[in-house]
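Shown next: model_5.pdb, containing PDB, C-alpha atoms and all ligand atoms.
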ATOM      1  CA  MET A  20     113.276 124.308  84.064
ATOM      2  CA  THR A  21     113.423 126.090  80.693
ATOM      3  CA  ALA A  22     113.381 129.918  80.488
ATOM      4  CA  ARG A  23     109.890 129.735  78.989
ATOM      5  CA  SER A  24     108.452 127.573  81.751
ATOM      6  CA  HIS A  25     110.134 129.824  84.329
ATOM      7  CA  ASP A  26     108.206 132.749  82.785
ATOM      8  CA  VAL A  27     104.937 130.833  83.055
ATOM      9  CA  TRP A  28     105.377 130.351  86.822
ATOM     10  CA  GLN A  29     106.588 133.923  87.307
ATOM     11  CA  GLU A  30     103.571 135.256  85.435
ATOM     12  CA  ALA A  31     101.253 132.992  87.465
ATOM     13  CA  CYS A  32     102.676 134.316  90.721
ATOM     14  CA  GLU A  33     101.995 137.878  89.629
ATOM     15  CA  GLN A  34      98.572 137.425  88.007
ATOM     16  CA  LEU A  35      96.706 134.773  90.006
ATOM     17  CA  GLN A  36      94.665 136.183  92.838
ATOM     18  CA  THR A  37      92.308 133.794  94.597
ATOM     19  CA  ALA A  38      92.912 130.381  96.139
ATOM     20  CA  ARG A  39      90.749 128.963  93.345
ATOM     21  CA  ASP A  40      93.003 130.611  90.701
ATOM     22  CA  VAL A  41      96.110 129.123  92.288
ATOM     23  CA  VAL A  42      94.621 125.644  92.720
ATOM     24  CA  ARG A  43      93.385 125.681  89.122
ATOM     25  CA  PHE A  44      96.824 126.677  87.821
ATOM     26  CA  GLY A  45      98.550 124.014  89.952
ATOM     27  CA  ALA A  46      96.112 121.343  88.791
ATOM     28  CA  THR A  47      96.710 122.217  85.131
ATOM     29  CA  GLN A  48     100.496 122.124  85.563
ATOM     30  CA  MET A  49     100.303 118.786  87.367
ATOM     31  CA  ALA A  50      97.916 117.303  84.817
ATOM     32  CA  GLN A  51     100.361 118.279  82.044
ATOM     33  CA  SER A  52     103.292 116.671  83.869
ATOM     34  CA  ASP A  53     104.102 112.982  84.284
ATOM     35  CA  ILE A  54     103.662 112.879  88.058
ATOM     36  CA  TYR A  55     101.904 109.897  89.634
ATOM     37  CA  PHE A  56      99.053 110.252  92.138
ATOM     38  CA  GLY A  57      98.389 107.627  94.783
ATOM     39  CA  HIS A  58      99.924 108.884  98.022
ATOM     40  CA  GLY A  59      96.905 110.500  99.618
ATOM     41  CA  THR A  60      95.039 111.817  96.565
ATOM     42  CA  ASP A  61      94.331 110.312  93.166
ATOM     43  CA  ASN A  62      94.020 113.409  90.955
ATOM     44  CA  ALA A  63      95.649 116.771  90.201
ATOM     45  CA  TRP A  64      92.820 118.910  91.635
ATOM     46  CA  ASP A  65      92.819 117.251  95.080
ATOM     47  CA  GLU A  66      96.629 117.235  95.163
ATOM     48  CA  SER A  67      96.658 121.026  94.495
ATOM     49  CA  ILE A  68      94.081 121.599  97.221
ATOM     50  CA  PHE A  69      95.987 119.446  99.724
ATOM     51  CA  LEU A  70      99.145 121.530  99.261
ATOM     52  CA  LEU A  71      97.220 124.821  99.384
ATOM     53  CA  LEU A  72      95.513 123.919 102.679
ATOM     54  CA  GLU A  73      98.779 122.745 104.233
ATOM     55  CA  ILE A  74     100.419 126.115 103.490
ATOM     56  CA  LEU A  75      97.366 128.043 104.704
ATOM     57  CA  GLN A  76      97.120 125.745 107.781
ATOM     58  CA  LEU A  77      93.385 125.392 107.269
ATOM     59  CA  PRO A  78      91.152 122.274 107.364
ATOM     60  CA  TRP A  79      89.335 120.703 104.383
ATOM     61  CA  SER A  80      86.037 121.686 106.021
ATOM     62  CA  LEU A  81      86.799 125.358 105.240
ATOM     63  CA  LEU A  82      87.660 124.787 101.600
ATOM     64  CA  ASP A  83      84.407 126.193 100.130
ATOM     65  CA  ALA A  84      84.674 129.247 102.358
ATOM     66  CA  ILE A  85      88.201 130.162 101.235
ATOM     67  CA  LEU A  86      88.322 129.222  97.549
ATOM     68  CA  ASP A  87      87.353 132.744  96.456
ATOM     69  CA  ALA A  88      89.522 134.525  99.014
ATOM     70  CA  ARG A  89      92.576 136.341  97.656
ATOM     71  CA  LEU A  90      96.025 135.134  98.665
ATOM     72  CA  THR A  91      98.954 137.303  99.648
ATOM     73  CA  GLN A  92     102.030 137.382  97.418
ATOM     74  CA  SER A  93     103.971 135.378  99.991
ATOM     75  CA  GLU A  94     101.255 132.686 100.186
ATOM     76  CA  ARG A  95     101.146 132.450  96.379
ATOM     77  CA  GLU A  96     104.926 132.076  96.247
ATOM     78  CA  GLN A  97     104.977 129.335  98.879
ATOM     79  CA  ILE A  98     102.154 127.360  97.267
ATOM     80  CA  LEU A  99     103.456 127.670  93.713
ATOM     81  CA  ASN A 100     106.908 126.667  94.911
ATOM     82  CA  LEU A 101     105.422 123.468  96.365
ATOM     83  CA  TYR A 102     103.585 122.710  93.113
ATOM     84  CA  LEU A 103     106.842 123.201  91.224
ATOM     85  CA  ARG A 104     108.738 120.895  93.594
ATOM     86  CA  ARG A 105     105.983 118.262  93.401
ATOM     87  CA  ILE A 106     106.338 118.211  89.602
ATOM     88  CA  HIS A 107     110.139 118.348  89.403
ATOM     89  CA  GLU A 108     111.196 116.226  92.389
ATOM     90  CA  ARG A 109     108.368 113.667  91.993
ATOM     91  CA  LYS A 110     108.213 113.486  95.803
ATOM     92  CA  PRO A 111     104.834 112.562  97.338
ATOM     93  CA  ALA A 112     103.108 115.765  98.506
ATOM     94  CA  ALA A 113     102.987 114.490 102.105
ATOM     95  CA  TYR A 114     106.803 114.430 102.276
ATOM     96  CA  LEU A 115     106.972 118.003 100.982
ATOM     97  CA  VAL A 116     104.884 119.259 103.901
ATOM     98  CA  GLY A 117     105.724 116.592 106.523
ATOM     99  CA  ARG A 118     102.104 115.697 107.118
ATOM    100  CA  ALA A 119      99.554 113.167 105.854
ATOM    101  CA  TRP A 120      95.932 112.343 106.654
ATOM    102  CA  PHE A 121      94.683 108.874 107.511
ATOM    103  CA  ALA A 122      91.212 107.884 108.749
ATOM    104  CA  GLY A 123      90.445 111.598 109.066
ATOM    105  CA  LEU A 124      93.451 112.206 111.341
ATOM    106  CA  PRO A 125      96.708 114.095 110.760
ATOM    107  CA  PHE A 126     100.069 112.301 111.057
ATOM    108  CA  ILE A 127     103.667 113.514 110.999
ATOM    109  CA  VAL A 128     105.524 111.810 108.143
ATOM    110  CA  ASN A 129     109.032 111.834 106.692
ATOM    111  CA  GLU A 130     110.987 109.751 104.204
ATOM    112  CA  HIS A 131     111.681 107.054 106.832
ATOM    113  CA  VAL A 132     108.005 106.021 106.851
ATOM    114  CA  LEU A 133     105.467 105.070 104.217
ATOM    115  CA  VAL A 134     102.899 107.724 103.270
ATOM    116  CA  PRO A 135      99.706 106.409 104.962
ATOM    117  CA  ARG A 136      97.142 105.113 102.457
ATOM    118  CA  SER A 137      95.972 101.695 103.635
ATOM    119  CA  PRO A 138      92.359 100.507 103.147
ATOM    120  CA  PHE A 139      92.548  99.677 106.866
ATOM    121  CA  ALA A 140      91.241 103.246 107.389
ATOM    122  CA  GLU A 141      87.744 102.094 106.380
ATOM    123  CA  LEU A 142      87.883  99.077 108.674
ATOM    124  CA  ILE A 143      89.048 101.221 111.605
ATOM    125  CA  GLU A 144      86.222 103.702 111.063
ATOM    126  CA  LYS A 145      83.801 100.716 111.281
ATOM    127  CA  GLN A 146      85.578  99.387 114.410
ATOM    128  CA  PHE A 147      86.495  96.231 112.478
ATOM    129  CA  SER A 148      82.829  95.227 112.270
ATOM    130  CA  PRO A 149      81.674  92.469 111.856
ATOM    131  CA  TRP A 150      84.907  90.657 112.717
ATOM    132  CA  VAL A 151      85.527  92.295 116.084
ATOM    133  CA  GLN A 152      82.452  92.177 118.311
ATOM    134  CA  GLU A 153      83.836  93.123 121.716
ATOM    135  CA  SER A 154      86.175  96.032 122.333
ATOM    136  CA  PRO A 155      89.702  94.506 122.259
ATOM    137  CA  GLN A 156      91.945  95.160 125.261
ATOM    138  CA  ARG A 157      95.378  94.566 123.747
ATOM    139  CA  ILE A 158      96.119  95.547 120.151
ATOM    140  CA  LEU A 159      99.349  95.334 118.127
ATOM    141  CA  ASP A 160     100.072  97.359 114.987
ATOM    142  CA  LEU A 161     102.956  95.402 113.514
ATOM    143  CA  CYS A 162     105.065  97.204 110.866
ATOM    144  CA  THR A 163     103.678 100.485 112.097
ATOM    145  CA  GLY A 164     105.681 103.053 110.059
ATOM    146  CA  SER A 165     104.285 106.432 111.128
ATOM    147  CA  GLY A 166     101.993 104.665 113.612
ATOM    148  CA  CYS A 167      98.900 105.717 111.657
ATOM    149  CA  ILE A 168      97.024 102.387 111.796
ATOM    150  CA  GLY A 169      97.685 101.696 115.475
ATOM    151  CA  ILE A 170      96.972 105.245 116.600
ATOM    152  CA  ALA A 171      93.723 105.496 114.619
ATOM    153  CA  THR A 172      92.727 102.084 116.050
ATOM    154  CA  ALA A 173      93.557 103.236 119.584
ATOM    155  CA  LEU A 174      91.236 106.211 119.079
ATOM    156  CA  ALA A 175      88.488 103.910 117.705
ATOM    157  CA  PHE A 176      88.745 101.719 120.855
ATOM    158  CA  PRO A 177      89.237 104.193 123.735
ATOM    159  CA  GLU A 178      89.660 101.434 126.354
ATOM    160  CA  SER A 179      92.407  99.591 124.501
ATOM    161  CA  VAL A 180      96.151  99.440 125.140
ATOM    162  CA  VAL A 181      98.125  99.465 121.900
ATOM    163  CA  ASP A 182     101.670  98.524 120.895
ATOM    164  CA  LEU A 183     103.184  99.867 117.680
ATOM    165  CA  SER A 184     106.251  98.030 116.385
ATOM    166  CA  ASP A 185     108.674  98.360 113.502
ATOM    167  CA  ILE A 186     112.131  97.097 112.557
ATOM    168  CA  SER A 187     113.238 100.630 111.606
ATOM    169  CA  PRO A 188     114.465 102.815 114.514
ATOM    170  CA  GLU A 189     113.605 105.949 112.494
ATOM    171  CA  ALA A 190     110.045 104.684 111.997
ATOM    172  CA  VAL A 191     109.751 103.951 115.740
ATOM    173  CA  ASP A 192     110.934 107.486 116.442
ATOM    174  CA  THR A 193     108.301 108.895 114.049
ATOM    175  CA  ALA A 194     105.612 106.690 115.621
ATOM    176  CA  TRP A 195     106.535 108.142 119.044
ATOM    177  CA  GLN A 196     106.188 111.661 117.613
ATOM    178  CA  ASN A 197     102.672 110.754 116.473
ATOM    179  CA  ILE A 198     101.818 109.163 119.834
ATOM    180  CA  ASP A 199     102.757 112.460 121.470
ATOM    181  CA  TYR A 200     100.955 114.484 118.785
ATOM    182  CA  HIS A 201      97.733 112.581 119.565
ATOM    183  CA  GLN A 202      98.406 112.624 123.317
ATOM    184  CA  LEU A 203      98.165 108.856 123.649
ATOM    185  CA  GLY A 204     101.339 108.168 125.640
ATOM    186  CA  HIS A 205      99.323 106.752 128.565
ATOM    187  CA  ARG A 206      98.123 103.724 126.550
ATOM    188  CA  VAL A 207     100.106 103.527 123.294
ATOM    189  CA  ARG A 208     103.842 102.810 122.981
ATOM    190  CA  ALA A 209     106.231 102.201 120.088
ATOM    191  CA  LEU A 210     108.819  99.396 120.080
ATOM    192  CA  GLU A 211     111.664  98.412 117.797
ATOM    193  CA  SER A 212     111.306  94.772 116.759
ATOM    194  CA  ASP A 213     112.032  92.514 113.802
ATOM    195  CA  LEU A 214     108.621  90.842 113.464
ATOM    196  CA  PHE A 215     107.877  89.451 116.970
ATOM    197  CA  SER A 216     111.510  89.135 118.151
ATOM    198  CA  ASN A 217     111.186  91.882 120.770
ATOM    199  CA  LEU A 218     107.494  91.365 121.635
ATOM    200  CA  GLU A 219     106.441  89.147 124.503
ATOM    201  CA  ASP A 220     102.727  89.850 124.939
ATOM    202  CA  ARG A 221      99.660  88.250 123.423
ATOM    203  CA  TYR A 222      97.138  90.451 121.637
ATOM    204  CA  ASP A 223      93.377  90.272 121.000
ATOM    205  CA  VAL A 224      93.916  91.906 117.626
ATOM    206  CA  ILE A 225      97.045  92.127 115.486
ATOM    207  CA  ILE A 226      96.841  94.494 112.524
ATOM    208  CA  THR A 227      99.597  94.743 109.987
ATOM    209  CA  ASN A 228     100.328  96.465 106.711
ATOM    210  CA  PRO A 229     103.728  94.873 106.101
ATOM    211  CA  PRO A 230     106.022  95.116 103.073
ATOM    212  CA  TYR A 231     104.411  92.975 100.342
ATOM    213  CA  VAL A 232     105.467  94.263  96.923
ATOM    214  CA  ASP A 233     106.876  91.569  94.625
ATOM    215  CA  ARG A 234     110.055  92.085  92.606
ATOM    216  CA  GLU A 235     108.237  92.688  89.301
ATOM    217  CA  ASP A 236     105.865  95.318  90.738
ATOM    218  CA  LEU A 237     108.732  97.025  92.598
ATOM    219  CA  ASP A 238     110.755  97.493  89.420
ATOM    220  CA  ALA A 239     107.730  98.959  87.623
ATOM    221  CA  MET A 240     106.777 101.480  90.330
ATOM    222  CA  PRO A 241     106.594 105.211  89.471
ATOM    223  CA  LYS A 242     109.317 107.529  90.831
ATOM    224  CA  GLU A 243     107.173 108.716  93.769
ATOM    225  CA  TYR A 244     107.488 105.261  95.406
ATOM    226  CA  HIS A 245     111.280 105.415  95.275
ATOM    227  CA  HIS A 246     111.187 108.243  97.849
ATOM    228  CA  GLU A 247     109.663 105.734 100.298
ATOM    229  CA  PRO A 248     111.957 103.351 102.235
ATOM    230  CA  GLU A 249     112.509 100.160 100.234
ATOM    231  CA  ILE A 250     112.219  98.150 103.466
ATOM    232  CA  ALA A 251     108.599  99.368 103.682
ATOM    233  CA  LEU A 252     107.696  97.956 100.277
ATOM    234  CA  ALA A 253     109.872  95.053  99.113
ATOM    235  CA  SER A 254     109.343  91.513 100.368
ATOM    236  CA  GLY A 255     111.171  89.107  98.081
ATOM    237  CA  GLU A 256     110.368  87.578  94.704
ATOM    238  CA  ASP A 257     106.637  86.985  95.260
ATOM    239  CA  GLY A 258     106.107  89.715  97.888
ATOM    240  CA  LEU A 259     105.413  87.183 100.629
ATOM    241  CA  ASP A 260     108.724  86.757 102.493
ATOM    242  CA  PHE A 261     107.469  88.750 105.490
ATOM    243  CA  THR A 262     103.923  87.325 105.443
ATOM    244  CA  ARG A 263     105.180  83.691 105.469
ATOM    245  CA  ARG A 264     107.199  84.395 108.635
ATOM    246  CA  LEU A 265     104.252  86.268 110.143
ATOM    247  CA  LEU A 266     101.734  83.464 109.559
ATOM    248  CA  SER A 267     103.967  80.817 111.099
ATOM    249  CA  GLN A 268     104.582  82.858 114.280
ATOM    250  CA  ALA A 269     101.372  84.840 114.836
ATOM    251  CA  LYS A 270      99.586  82.132 116.869
ATOM    252  CA  ASN A 271     102.172  82.588 119.652
ATOM    253  CA  HIS A 272     101.213  86.252 120.005
ATOM    254  CA  LEU A 273      97.422  86.061 119.744
ATOM    255  CA  THR A 274      95.007  85.382 122.588
ATOM    256  CA  GLU A 275      92.790  82.285 122.274
ATOM    257  CA  ASN A 276      90.064  84.148 120.356
ATOM    258  CA  GLY A 277      92.481  86.630 118.805
ATOM    259  CA  LYS A 278      92.428  87.753 115.185
ATOM    260  CA  LEU A 279      95.098  88.697 112.687
ATOM    261  CA  PHE A 280      94.275  91.375 110.086
ATOM    262  CA  CYS A 281      96.893  91.641 107.349
ATOM    263  CA  GLU A 282      97.228  93.583 104.093
ATOM    264  CA  VAL A 283      99.027  91.951 101.165
ATOM    265  CA  GLY A 284      97.660  94.038  98.256
ATOM    266  CA  ASN A 285      98.308  92.567  94.822
ATOM    267  CA  SER A 286     100.093  89.594  96.397
ATOM    268  CA  TRP A 287      96.745  88.177  97.628
ATOM    269  CA  TRP A 288      96.506  85.603  94.847
ATOM    270  CA  ALA A 289     100.080  84.391  95.486
ATOM    271  CA  LEU A 290      99.181  83.961  99.174
ATOM    272  CA  ASP A 291      96.000  82.018  98.397
ATOM    273  CA  GLU A 292      98.043  79.776  96.094
ATOM    274  CA  ALA A 293     100.836  79.272  98.649
ATOM    275  CA  PHE A 294      98.445  78.316 101.493
ATOM    276  CA  PRO A 295      95.387  76.640  99.886
ATOM    277  CA  ALA A 296      94.406  74.947 103.169
ATOM    278  CA  LEU A 297      94.393  78.167 105.215
ATOM    279  CA  ASN A 298      90.996  79.764 105.486
ATOM    280  CA  PHE A 299      91.660  83.447 104.744
ATOM    281  CA  THR A 300      88.635  85.767 104.724
ATOM    282  CA  TRP A 301      89.272  88.488 102.133
ATOM    283  CA  ILE A 302      87.664  91.765 103.185
ATOM    284  CA  GLU A 303      85.681  93.872 100.726
ATOM    285  CA  PHE A 304      85.968  97.659 100.911
ATOM    286  CA  GLU A 305      83.404 100.286  99.917
ATOM    287  CA  ASN A 306      86.013 103.025  99.450
ATOM    288  CA  GLY A 307      88.421 100.999  97.317
ATOM    289  CA  GLY A 308      91.410  98.826  98.138
ATOM    290  CA  HIS A 309      91.849  95.077  98.227
ATOM    291  CA  GLY A 310      94.140  92.315  99.469
ATOM    292  CA  VAL A 311      93.350  92.491 103.195
ATOM    293  CA  PHE A 312      92.571  89.244 105.004
ATOM    294  CA  VAL A 313      91.470  88.286 108.491
ATOM    295  CA  ILE A 314      92.220  84.929 110.065
ATOM    296  CA  ASP A 315      91.709  83.719 113.629
ATOM    297  CA  ALA A 316      94.210  82.313 116.085
ATOM    298  CA  LYS A 317      92.565  78.876 116.074
ATOM    299  CA  ALA A 318      92.910  78.454 112.290
ATOM    300  CA  LEU A 319      96.584  79.436 112.532
ATOM    301  CA  ALA A 320      97.189  77.066 115.463
ATOM    302  CA  GLU A 321      95.612  74.144 113.554
ATOM    303  CA  TYR A 322      97.778  74.758 110.496
ATOM    304  CA  PHE A 323     101.156  75.615 112.020
TER
HETATM  305  C1  LIG A 401     104.082  99.040 104.105
HETATM  306  S1  LIG A 401     104.922  99.893 105.433
HETATM  307  C2  LIG A 401     103.506 100.202 106.440
HETATM  308  C3  LIG A 401     103.631 101.359 107.382
HETATM  309  C4  LIG A 401     102.316 101.742 108.087
HETATM  310  N1  LIG A 401     101.751 100.613 108.798
HETATM  311  C5  LIG A 401     101.317 102.318 107.106
HETATM  312  O1  LIG A 401     100.349 101.634 106.771
HETATM  313  O2  LIG A 401     101.507 103.453 106.655
HETATM  314  C6  LIG A 401     105.736  98.522 106.196
HETATM  315  C7  LIG A 401     106.566  98.808 107.442
HETATM  316  O3  LIG A 401     107.116  97.544 107.859
HETATM  317  C8  LIG A 401     108.396  97.747 108.416
HETATM  318  N2  LIG A 401     109.108  96.455 108.374
HETATM  319  C9  LIG A 401     109.735  95.885 107.323
HETATM  320  N3  LIG A 401     110.245  94.693 107.687
HETATM  321  C10 LIG A 401     109.923  94.515 108.995
HETATM  322  C11 LIG A 401     110.196  93.485 109.946
HETATM  323  N4  LIG A 401     110.893  92.391 109.609
HETATM  324  N5  LIG A 401     109.706  93.620 111.201
HETATM  325  C12 LIG A 401     109.014  94.732 111.562
HETATM  326  N6  LIG A 401     108.758  95.744 110.703
HETATM  327  C13 LIG A 401     109.191  95.638 109.440
HETATM  328  C14 LIG A 401     108.989  98.856 107.560
HETATM  329  O4  LIG A 401     110.018  99.526 108.251
HETATM  330  C15 LIG A 401     107.747  99.725 107.285
HETATM  331  O5  LIG A 401     107.648 100.772 108.228
END
Take the structure in the file and give it back as structure tokens.
Amino acid sequence: MTARSHDVWQEACEQLQTARDVVRFGATQMAQSDIYFGHGTDNAWDESIFLLLEILQLPWSLLDAILDARLTQSEREQILNLYLRRIHERKPAAYLVGRAWFAGLPFIVNEHVLVPRSPFAELIEKQFSPWVQESPQRILDLCTGSGCIGIATALAFPESVVDLSDISPEAVDTAWQNIDYHQLGHRVRALESDLFSNLEDRYDVIITNPPYVDREDLDAMPKEYHHEPEIALASGEDGLDFTRRLLSQAKNHLTENGKLFCEVGNSWWALDEAFPALNFTWIEFENGGHGVFVIDAKALAEYF
């Protein structure tokens, strides 16, 4: 940081008074920087608010009520320090505070797990309608990371029993922390497994947001993504190494009428091209996002 920019932050800490002042200053500084948004928020204003509320330990629902409240010197220092770190370290905001929101729920996160942001949130909030008609009994969240998808799904289907699995022991540990945080230990568990290698059960629904970034996209990703584990993103030249293995094995872990929901993002066209005879249904989202398909156990059994 140059002496001049140090003065700007020092002056801000002394002069700004309300939460709105601080958020406005943070948003301007972020907008003038080269940081990338896409790990929970998509603009400088929301990113500033997210960090403010995390320091104040207050929910989004109270935002209007507190924007014109004055902050203490210590609160201003803590919040401005986070804004400064966000700009200089290029770390996703969720890693700076150890918390992220997904499907309206809080999750503990760290640099061993992806920052939750999957379009699956919308599907979970709609209880997978119209593809899932009856409440599923057994659900698997494969490649669970923080556990966000499986835990949110468990809460959407209160009668279900849910397994969360991941190849990374640190991710499994984080998923357990989130199981405890949401008090779901009586019907959700986390397991370490490379794909299905350590899983014996069959599931009515398998949901997965696996690694699917192709080599070209990975090389072009902004710095923020390089704070996430590479094993959570990269999946070979065309992004489909994991998904090919998954498709060929999934039928052995689905019940007769089971369904596989899988996100492949930008690699959707490569998947369609690689398996022209497989009948993927590509799901459309109202809140944005793409590259999520659903396929049933019977279609997989006929093909593989
Ligand atoms: C894109 S992240 C998704 C995390 C989480 N589901 C989410 O949406 O935030 C992919 C996850 O897959 C895990 N993973 C990578 N290869 C795997 C494998 N062969 N078997 C199981 N999990 C794997 C990574 O450790 C990572 O946590």
Per-axis box centre and lengths in Å around range 156-167 of chain A, 8 Å margin per side, axis-aligned, as JSON:
{"center_x": 98.8, "center_y": 100.5, "center_z": 117.7, "size_x": 29.7, "size_y": 27.9, "size_z": 31.2}
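Distances to Leu70 in chain A were evaluated for A:Leu103, A:Val116, A:Ala38, A:Ala318 using only C-alpha atoms, and the minimum falls at A:Val116.
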Which chains and residue numbers are within 6 Å of ligand LIG 401 (chain A), counting all atoms listed in the file, if I want them as a PDB file with C-alpha atoms, keeping the file's coordinate frame?
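After the write, result22.pdb holds the following:
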ATOM      1  CA  VAL A 132     108.005 106.021 106.851  1.00  0.00           C
ATOM      2  CA  LEU A 133     105.467 105.070 104.217  1.00  0.00           C
ATOM      3  CA  VAL A 134     102.899 107.724 103.270  1.00  0.00           C
ATOM      4  CA  PRO A 135      99.706 106.409 104.962  1.00  0.00           C
ATOM      5  CA  SER A 137      95.972 101.695 103.635  1.00  0.00           C
ATOM      6  CA  CYS A 162     105.065  97.204 110.866  1.00  0.00           C
ATOM      7  CA  THR A 163     103.678 100.485 112.097  1.00  0.00           C
ATOM      8  CA  GLY A 164     105.681 103.053 110.059  1.00  0.00           C
ATOM      9  CA  SER A 165     104.285 106.432 111.128  1.00  0.00           C
ATOM     10  CA  ILE A 168      97.024 102.387 111.796  1.00  0.00           C
ATOM     11  CA  ASP A 185     108.674  98.360 113.502  1.00  0.00           C
ATOM     12  CA  ILE A 186     112.131  97.097 112.557  1.00  0.00           C
ATOM     13  CA  SER A 187     113.238 100.630 111.606  1.00  0.00           C
ATOM     14  CA  ALA A 190     110.045 104.684 111.997  1.00  0.00           C
ATOM     15  CA  SER A 212     111.306  94.772 116.759  1.00  0.00           C
ATOM     16  CA  ASP A 213     112.032  92.514 113.802  1.00  0.00           C
ATOM     17  CA  LEU A 214     108.621  90.842 113.464  1.00  0.00           C
ATOM     18  CA  ASN A 228     100.328  96.465 106.711  1.00  0.00           C
ATOM     19  CA  PRO A 229     103.728  94.873 106.101  1.00  0.00           C
ATOM     20  CA  PRO A 230     106.022  95.116 103.073  1.00  0.00           C
ATOM     21  CA  ILE A 250     112.219  98.150 103.466  1.00  0.00           C
ATOM     22  CA  ALA A 251     108.599  99.368 103.682  1.00  0.00           C
ATOM     23  CA  LEU A 252     107.696  97.956 100.277  1.00  0.00           C
TER      24      LEU A 252
END
task: For CA of Tyr102 in chain A and CA of Pro248 in chain A, determine how far apart the two atoms are, in Å to one decimal place.
output: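 Going from CA of Tyr102 in chain A over to CA of Pro248 in chain A covers 23.0 Å.
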Apply the PyMOL selection byres (((chain A and resi 269) around 9) and not hetatm) to the structure shown and report the selected residues as a PDB file with C-alpha atoms, keeping the file's coordinate frame.
ATOM      1  CA  PHE A 215     107.877  89.451 116.970  1.00  0.00           C
ATOM      2  CA  ILE A 225      97.045  92.127 115.486  1.00  0.00           C
ATOM      3  CA  ARG A 264     107.199  84.395 108.635  1.00  0.00           C
ATOM      4  CA  LEU A 265     104.252  86.268 110.143  1.00  0.00           C
ATOM      5  CA  LEU A 266     101.734  83.464 109.559  1.00  0.00           C
ATOM      6  CA  SER A 267     103.967  80.817 111.099  1.00  0.00           C
ATOM      7  CA  GLN A 268     104.582  82.858 114.280  1.00  0.00           C
ATOM      8  CA  LYS A 270      99.586  82.132 116.869  1.00  0.00           C
ATOM      9  CA  ASN A 271     102.172  82.588 119.652  1.00  0.00           C
ATOM     10  CA  HIS A 272     101.213  86.252 120.005  1.00  0.00           C
ATOM     11  CA  LEU A 273      97.422  86.061 119.744  1.00  0.00           C
ATOM     12  CA  LEU A 279      95.098  88.697 112.687  1.00  0.00           C
ATOM     13  CA  ALA A 316      94.210  82.313 116.085  1.00  0.00           C
ATOM     14  CA  LEU A 319      96.584  79.436 112.532  1.00  0.00           C
ATOM     15  CA  ALA A 320      97.189  77.066 115.463  1.00  0.00           C
TER      16      ALA A 320
END
field: Spatial neighbours of Val224 in chain A, max dist 8 Å, all atoms listed in the file, sep filter under 3 positions, as a count of residues only
entry: 9
task: Have a look at A:Asp223, A:Leu183, A:Ser154, A:Pro138 and name the one nearest to Val283 in chain A; count all atoms listed in the file.
output: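 Answer, going by the shortest atom-to-atom distance: A:Pro138.
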message: Starting from the PyMOL selection byres (((chain A and resi 28) around 10) and not hetatm), expand the selection into actual residues of this file and give them as a ChimeraX atom specification.
response: /A:23-27,29-34,44-45,48,96,99-100,103
- prompt: Of the candidates A:Pro125, A:Gly308, A:Gly166, A:Pro111, which one gets nearest to Val191 in chain A if we count all atoms listed in the file?
  reply: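 For Val191 in chain A, the nearest of the given residues is A:Gly166.
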query: Which one is closest to Glu321 in chain A: A:Asn298, A:Ser254, A:Gln92, A:Ser52? Count only C-alpha atoms.
result: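 Going through A:Asn298, A:Ser254, A:Gln92, A:Ser52 one by one, the smallest distance to Glu321 in chain A is for A:Asn298.
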- prompt: List as a PyMOL selection string: which residues have an atom within 10 Å of (99.9, 116.4, 109.2), counting only C-alpha atoms?
  reply: chain A and resi 73+76+113-114+116-121+124-128+197+200
Given all atoms listed in the file as the counted atoms, nearest of A:Leu237, A:Ile170, A:Leu142, A:Ala175 to Gly204 in chain A: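 Among the listed residues, the smallest separation from Gly204 in chain A belongs to A:Ile170.
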- prompt: How far is it from CA of Glu282 in chain A to CA of Phe147 in chain A, in Å with one decimal?
  reply: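 Separating CA of Glu282 in chain A from CA of Phe147 in chain A is a distance of 13.9 Å.
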query: With distances taken over all atoms listed in the file, which of A:Thr172, A:Asp192, A:Ala46, A:Tyr322 is nearest to Pro295 in chain A?
result: A:Tyr322
message: Using Å and a single decimal, report how far CA of Val207 in chain A sits from CA of Ser184 in chain A.
response: 10.8 Å
message: Neighbouring residues of Glu108 in chain A were defined as those with any atom within 10 Å, considering all atoms listed in the file; residues of the same chain fewer than 5 positions away were excluded. Please report them as a VMD selection string.
response: chain A and resid 54 103 115 242 to 243 246
task: Within 8 Å of Leu290 in chain A, counting only C-alpha atoms, which residues show up once you throw out same-chain ones fewer than 4 positions away? Write them as a PyMOL selection string, please.
output: chain A and resi 259+286+294
Only C-alpha atoms, please: the residues just picked out, written as a short mmCIF file (atom, residue, chain, number, x, y, z; two decimals), keeping the file's coordinate frame.
data_model
loop_
_atom_site.label_atom_id
_atom_site.label_comp_id
_atom_site.auth_asym_id
_atom_site.auth_seq_id
_atom_site.Cartn_x
_atom_site.Cartn_y
_atom_site.Cartn_z
CA LEU A 259 105.41 87.18 100.63
CA SER A 286 100.09 89.59 96.40
CA PHE A 294 98.44 78.32 101.49
#
